[in-house]
$ cat work_26.cif   # mmCIF, C-alpha atoms
data_data
#
loop_
_atom_site.label_atom_id
_atom_site.label_comp_id
_atom_site.auth_asym_id
_atom_site.auth_seq_id
_atom_site.Cartn_x
_atom_site.Cartn_y
_atom_site.Cartn_z
CA MET A 29 1.03 -11.89 17.60
CA ASP A 30 -1.18 -13.99 15.28
CA ASN A 31 -4.35 -13.22 17.26
CA TYR A 32 -3.54 -9.57 17.95
CA CYS A 33 -5.61 -6.86 16.35
CA PRO A 34 -4.75 -3.14 16.62
CA HIS A 35 -7.34 -1.41 18.82
CA GLU A 36 -8.22 1.02 15.98
CA CYS A 37 -9.21 -1.84 13.70
CA VAL A 38 -11.49 -4.84 13.39
CA CYS A 39 -9.90 -8.14 12.40
CA HIS A 40 -11.56 -11.12 10.75
CA GLY A 41 -9.28 -14.04 9.96
CA ARG A 42 -6.48 -12.60 7.86
CA VAL A 43 -8.24 -9.28 7.15
CA VAL A 44 -7.45 -6.10 9.08
CA GLN A 45 -10.20 -3.47 8.56
CA CYS A 46 -9.08 0.02 9.57
CA SER A 47 -11.08 2.09 7.08
CA ASP A 48 -13.05 5.19 8.11
CA LYS A 49 -11.31 5.46 11.48
CA GLY A 50 -9.89 8.98 11.12
CA ILE A 51 -6.37 7.67 11.78
CA ASP A 52 -3.30 9.50 10.49
CA LYS A 53 -0.88 6.56 10.46
CA VAL A 54 -0.93 2.82 9.93
CA PRO A 55 -1.72 1.21 13.30
CA TYR A 56 1.11 -0.50 15.12
CA GLY A 57 1.09 -4.26 15.51
CA ILE A 58 -0.58 -5.53 12.35
CA PRO A 59 0.15 -9.29 12.37
CA TYR A 60 2.85 -10.42 9.95
CA ASN A 61 0.64 -13.14 8.39
CA ILE A 62 -2.22 -10.84 7.40
CA ARG A 63 -3.43 -11.01 3.76
CA TYR A 64 -5.69 -7.94 3.45
CA ILE A 65 -5.23 -4.50 5.00
CA LEU A 66 -7.97 -1.95 4.41
CA LEU A 67 -7.03 1.63 5.35
CA MET A 68 -9.34 3.64 3.12
CA ASN A 69 -10.88 7.01 4.05
CA ASN A 70 -8.37 8.06 6.69
CA HIS A 71 -5.80 10.85 7.03
CA ILE A 72 -2.63 8.83 6.48
CA ASN A 73 0.24 10.81 5.04
CA ARG A 74 3.04 8.88 6.67
CA ILE A 75 3.76 5.37 7.87
CA GLN A 76 5.12 4.66 11.31
CA HIS A 77 8.10 2.38 11.02
CA ARG A 78 8.07 -0.69 13.30
CA GLU A 79 10.91 0.78 15.38
CA GLY A 80 8.71 3.80 16.08
CA ASN A 81 10.25 6.65 14.08
CA LEU A 82 7.82 8.64 11.96
CA ILE A 83 8.61 9.04 8.30
CA SER A 84 7.04 11.35 5.76
CA SER A 85 6.37 8.74 3.09
CA ILE A 86 5.87 5.01 2.76
CA LYS A 87 9.24 3.27 2.86
CA LYS A 88 9.85 -0.33 1.92
CA THR A 89 11.00 -1.03 5.49
CA SER A 90 7.53 -0.14 6.77
CA LEU A 91 5.88 -3.09 5.04
CA ARG A 92 8.73 -5.61 4.83
CA THR A 93 7.36 -8.01 7.46
CA LEU A 94 3.99 -8.42 5.69
CA LYS A 95 5.15 -11.12 3.24
CA ASN A 96 1.67 -12.71 2.96
CA LEU A 97 -0.12 -9.48 2.04
CA GLU A 98 -2.28 -9.85 -1.09
CA HIS A 99 -4.44 -6.71 -0.98
CA LEU A 100 -3.48 -3.28 0.31
CA GLY A 101 -6.12 -0.56 0.30
CA LEU A 102 -4.76 2.94 0.97
CA ALA A 103 -7.36 4.96 -0.95
CA ARG A 104 -8.56 8.37 0.28
CA ASN A 105 -5.60 9.28 2.42
CA LYS A 106 -2.93 11.97 2.06
CA ILE A 107 0.00 9.90 0.84
CA LEU A 108 2.53 12.01 -1.06
CA VAL A 109 5.17 9.53 -2.15
CA ALA A 110 5.85 5.82 -1.87
CA PRO A 111 9.26 5.06 -3.45
CA ASP A 112 9.90 1.30 -3.65
CA ALA A 113 7.54 0.80 -0.69
CA PHE A 114 5.72 -2.17 -2.18
CA LYS A 115 8.72 -4.06 -3.54
CA PRO A 116 9.08 -6.23 -0.37
CA LEU A 117 5.50 -7.55 -0.77
CA PRO A 118 6.13 -10.55 -3.04
CA ILE A 119 2.52 -11.73 -3.44
CA LEU A 120 0.71 -8.38 -3.42
CA TYR A 121 -2.11 -8.84 -5.94
CA GLN A 122 -4.15 -5.62 -5.59
CA LEU A 123 -3.00 -2.15 -4.60
CA ASP A 124 -5.35 0.82 -4.24
CA LEU A 125 -3.74 4.26 -3.91
CA SER A 126 -6.69 6.22 -5.31
CA HIS A 127 -7.53 9.69 -3.98
CA ASN A 128 -4.14 10.52 -2.48
CA SER A 129 -1.53 13.14 -3.33
CA LEU A 130 0.89 10.94 -5.26
CA ARG A 131 3.05 12.68 -7.84
CA GLN A 132 4.93 9.62 -9.11
CA VAL A 133 4.19 5.94 -9.59
CA SER A 134 6.34 3.70 -7.40
CA ARG A 135 9.26 1.93 -9.03
CA LYS A 136 9.47 -1.84 -9.36
CA LEU A 137 6.04 -2.83 -8.17
CA PRO A 138 5.59 -6.45 -6.96
CA GLN A 139 5.68 -9.17 -9.62
CA ASP A 140 2.33 -10.70 -8.69
CA LEU A 141 0.50 -7.38 -8.97
CA HIS A 142 -2.59 -7.72 -11.18
CA SER A 143 -4.46 -4.51 -10.35
CA VAL A 144 -3.31 -1.09 -9.20
CA ALA A 145 -5.37 2.09 -8.87
CA PHE A 146 -3.85 5.58 -9.03
CA THR A 147 -7.08 7.46 -9.81
CA HIS A 148 -7.50 11.00 -8.47
CA ASN A 149 -3.84 11.71 -7.73
CA LYS A 150 -1.40 14.26 -9.17
CA ILE A 151 0.82 11.88 -11.13
CA GLN A 152 3.59 13.71 -12.99
CA SER A 153 5.69 10.73 -14.04
CA VAL A 154 5.71 6.97 -14.39
CA PRO A 155 9.14 5.30 -14.17
CA CYS A 156 9.91 3.13 -17.18
CA ASP A 157 10.48 0.10 -14.93
CA ALA A 158 7.31 0.47 -12.82
CA PHE A 159 5.59 -2.45 -14.54
CA CYS A 160 8.60 -4.44 -15.76
CA TRP A 161 9.35 -7.89 -14.43
CA GLY A 162 11.94 -9.37 -16.75
CA ASP A 163 11.21 -11.17 -19.99
CA GLN A 164 7.74 -12.43 -19.07
CA PRO A 165 5.03 -10.25 -20.70
CA ARG A 166 2.02 -9.75 -18.42
CA TYR A 167 -1.09 -7.66 -18.23
CA VAL A 168 -1.70 -5.43 -15.24
CA VAL A 169 -4.88 -3.42 -14.82
CA VAL A 170 -3.75 0.15 -14.10
CA LYS A 171 -6.41 2.70 -13.24
CA VAL A 172 -5.26 6.30 -13.77
CA VAL A 173 -8.46 8.33 -14.18
CA ASN A 174 -8.18 12.01 -13.13
CA THR A 175 -4.48 11.87 -12.38
CA CYS A 176 -3.34 15.14 -13.95
CA PRO A 177 -0.98 17.35 -11.96
CA GLY A 178 -2.86 20.25 -10.53
#
$ encode --input "work_26.cif" --output "structure tokens"
Amino acid sequence: MDNYCPHECVCHGRVVQCSDKGIDKVPYGIPYNIRYILLMNNHINRIQHREGNLISSIKKTSLRTLKNLEHLGLARNKILVAPDAFKPLPILYQLDLSHNSLRQVSRKLPQDLHSVAFTHNKIQSVPCDAFCWGDQPRYVVVKVVNTCPG
């Protein structure tokens, strides 16, 4: 599976580039050891679980095998909600959810997260524990421009 690349994408090393493909779900078969997934400018509003059942939001089980993922770009899709979806990504460093239809910030984002973008969404609430990782104070760049409910 290490050398496999979904037919909708282009793969270079540990980068899977699936942006601007007009797809409506995350392609099946993304290698487990991938570090960057780029899915910008598509029509994704659901994630297909590895066992094949469609779900209406991003669930943590959809991404749980991607333990080496450092950057996840999901900008310009139609994602509505992503409760706890990113918690199983222990070394996720950058997360881009700009230009979606999110109404709430995900709870308990990964500890290594340094940058997250929620610009151009319809954020109504931010859970108090979204950016809490115990007693260690940290800075996280959070972009929330044009995120008023509409």
$ resolve_selection --input "work_26.cif" --expression "the PyMOL selection byres ((chain A and resi 135) around 8)" --output "PyMOL selection string"
chain A and resi 111-112+133-134+136-137+155+157-159
$ closest_residue --input "work_26.cif" --among "A:Val173, A:Leu94, A:Val168, A:Ile72" --to "A:Arg42" --atoms "all atoms listed in the file"
A:Leu94
$ atom_distance --input "work_26.cif" --atom1 "atom CA of A:Gly41" --atom2 "atom CA of A:Asp124"
20.9 Å
$ resolve_selection --input "work_26.cif" --expression "the PyMOL selection byres ((chain A and resi 151) around 10)" --output "PyMOL selection string"
chain A and resi 129-133+146-150+152-154+172+174-178
$ resolve_selection --input "work_26.cif" --expression "the PyMOL selection byres ((chain A and resi 115-122) around 6)" --output "compact mmCIF listing (two decimals) with C-alpha atoms, in the frame of the given file"
# COMPACT_ATOMS: atom_id res chain seq x y z
CA ARG A 92 8.73 -5.61 4.83
CA LYS A 95 5.15 -11.12 3.24
CA LEU A 97 -0.12 -9.48 2.04
CA GLU A 98 -2.28 -9.85 -1.09
CA HIS A 99 -4.44 -6.71 -0.98
CA ASP A 112 9.90 1.30 -3.65
CA ALA A 113 7.54 0.80 -0.69
CA PHE A 114 5.72 -2.17 -2.18
CA LEU A 123 -3.00 -2.15 -4.60
CA LEU A 137 6.04 -2.83 -8.17
CA PRO A 138 5.59 -6.45 -6.96
CA ASP A 140 2.33 -10.70 -8.69
CA LEU A 141 0.50 -7.38 -8.97
CA HIS A 142 -2.59 -7.72 -11.18
CA SER A 143 -4.46 -4.51 -10.35
CA VAL A 144 -3.31 -1.09 -9.20
$ atom_distance --input "work_26.cif" --atom1 "atom CA of A:Leu100" --atom2 "atom CA of A:Gly162"
23.8 Å
$ closest_residue --input "work_26.cif" --among "A:Cys33, A:Val169, A:Ala103, A:Cys39" --to "A:Ile58" --atoms "only C-alpha atoms"
A:Cys33
$ atom_distance --input "work_26.cif" --atom1 "atom CA of A:Asn70" --atom2 "atom CA of A:Cys37"
12.2 Å
$ residues_around --input "work_26.cif" --residues "A:Asn105" --least-positions-apart "4" --cutoff "7 Å" --atoms "all atoms listed in the file" --output "list in words"
Met68, Asn69, Asn70, His71, Ile72, Asn73, His127 and Asn128 of chain A
$ closest_residue --input "work_26.cif" --among "A:Cys160, A:Ile107, A:Leu125, A:Leu67" --to "A:Ile51" --atoms "only C-alpha atoms"
A:Leu67
$ residues_around --input "work_26.cif" --residues "A:His35" --least-positions-apart "4" --cutoff "10 Å" --atoms "all atoms listed in the file" --output "list in words"
Cys39, Cys46, Pro55, Tyr56 and Gly57 of chain A
$ build_atoms --input "work_26.cif" --residues "stretch 110-136 of chain A" --atoms "N, CA and C atoms" --output "CSV table (one decimal), keeping the file's coordinate frame"
chain,number,residue,atom,x,y,z
A,110,ALA,N,5.7,7.2,-2.4
A,110,ALA,CA,5.8,5.8,-1.9
A,110,ALA,C,7.0,5.1,-2.7
A,111,PRO,N,8.2,5.6,-2.6
A,111,PRO,CA,9.3,5.1,-3.4
A,111,PRO,C,9.7,3.7,-3.0
A,112,ASP,N,9.5,2.7,-3.9
A,112,ASP,CA,9.9,1.3,-3.6
A,112,ASP,C,9.2,0.7,-2.4
A,113,ALA,N,8.2,1.3,-1.9
A,113,ALA,CA,7.5,0.8,-0.7
A,113,ALA,C,6.9,-0.6,-0.8
A,114,PHE,N,6.5,-0.9,-2.0
A,114,PHE,CA,5.7,-2.2,-2.2
A,114,PHE,C,6.6,-3.3,-2.7
A,115,LYS,N,7.8,-3.0,-3.0
A,115,LYS,CA,8.7,-4.1,-3.5
A,115,LYS,C,8.9,-5.3,-2.6
A,116,PRO,N,8.9,-5.1,-1.3
A,116,PRO,CA,9.1,-6.2,-0.4
A,116,PRO,C,7.8,-7.1,-0.2
A,117,LEU,N,6.7,-6.8,-0.9
A,117,LEU,CA,5.5,-7.6,-0.8
A,117,LEU,C,5.4,-8.5,-2.0
A,118,PRO,N,6.0,-9.7,-1.9
A,118,PRO,CA,6.1,-10.6,-3.0
A,118,PRO,C,4.8,-11.1,-3.7
A,119,ILE,N,3.8,-11.2,-2.9
A,119,ILE,CA,2.5,-11.7,-3.4
A,119,ILE,C,1.4,-10.7,-3.5
A,120,LEU,N,1.7,-9.4,-3.4
A,120,LEU,CA,0.7,-8.4,-3.4
A,120,LEU,C,0.0,-8.5,-4.8
A,121,TYR,N,-1.3,-8.6,-4.7
A,121,TYR,CA,-2.1,-8.8,-5.9
A,121,TYR,C,-2.9,-7.6,-6.3
A,122,GLN,N,-3.4,-6.8,-5.3
A,122,GLN,CA,-4.2,-5.6,-5.6
A,122,GLN,C,-3.6,-4.5,-4.7
A,123,LEU,N,-3.5,-3.3,-5.3
A,123,LEU,CA,-3.0,-2.2,-4.6
A,123,LEU,C,-3.9,-1.0,-5.0
A,124,ASP,N,-4.5,-0.3,-4.0
A,124,ASP,CA,-5.4,0.8,-4.2
A,124,ASP,C,-4.8,2.1,-3.6
A,125,LEU,N,-4.3,3.0,-4.4
A,125,LEU,CA,-3.7,4.3,-3.9
A,125,LEU,C,-4.6,5.4,-4.4
A,126,SER,N,-5.8,5.2,-4.8
A,126,SER,CA,-6.7,6.2,-5.3
A,126,SER,C,-6.9,7.3,-4.3
A,127,HIS,N,-7.2,8.5,-4.8
A,127,HIS,CA,-7.5,9.7,-4.0
A,127,HIS,C,-6.5,10.0,-2.9
A,128,ASN,N,-5.2,10.1,-3.3
A,128,ASN,CA,-4.1,10.5,-2.5
A,128,ASN,C,-3.5,11.7,-3.1
A,129,SER,N,-2.3,12.0,-2.8
A,129,SER,CA,-1.5,13.1,-3.3
A,129,SER,C,-0.3,12.7,-4.0
A,130,LEU,N,-0.3,11.5,-4.6
A,130,LEU,CA,0.9,10.9,-5.3
A,130,LEU,C,1.3,11.8,-6.5
A,131,ARG,N,2.5,12.0,-6.7
A,131,ARG,CA,3.0,12.7,-7.8
A,131,ARG,C,3.8,11.8,-8.8
A,132,GLN,N,4.2,10.6,-8.3
A,132,GLN,CA,4.9,9.6,-9.1
A,132,GLN,C,4.5,8.2,-8.8
A,133,VAL,N,4.5,7.4,-9.8
A,133,VAL,CA,4.2,5.9,-9.6
A,133,VAL,C,5.4,5.3,-9.0
A,134,SER,N,5.2,4.4,-8.0
A,134,SER,CA,6.3,3.7,-7.4
A,134,SER,C,7.1,2.9,-8.4
A,135,ARG,N,8.4,2.7,-8.2
A,135,ARG,CA,9.3,1.9,-9.0
A,135,ARG,C,9.2,0.5,-8.6
A,136,LYS,N,9.4,-0.4,-9.6
A,136,LYS,CA,9.5,-1.8,-9.4
A,136,LYS,C,8.4,-2.4,-8.4
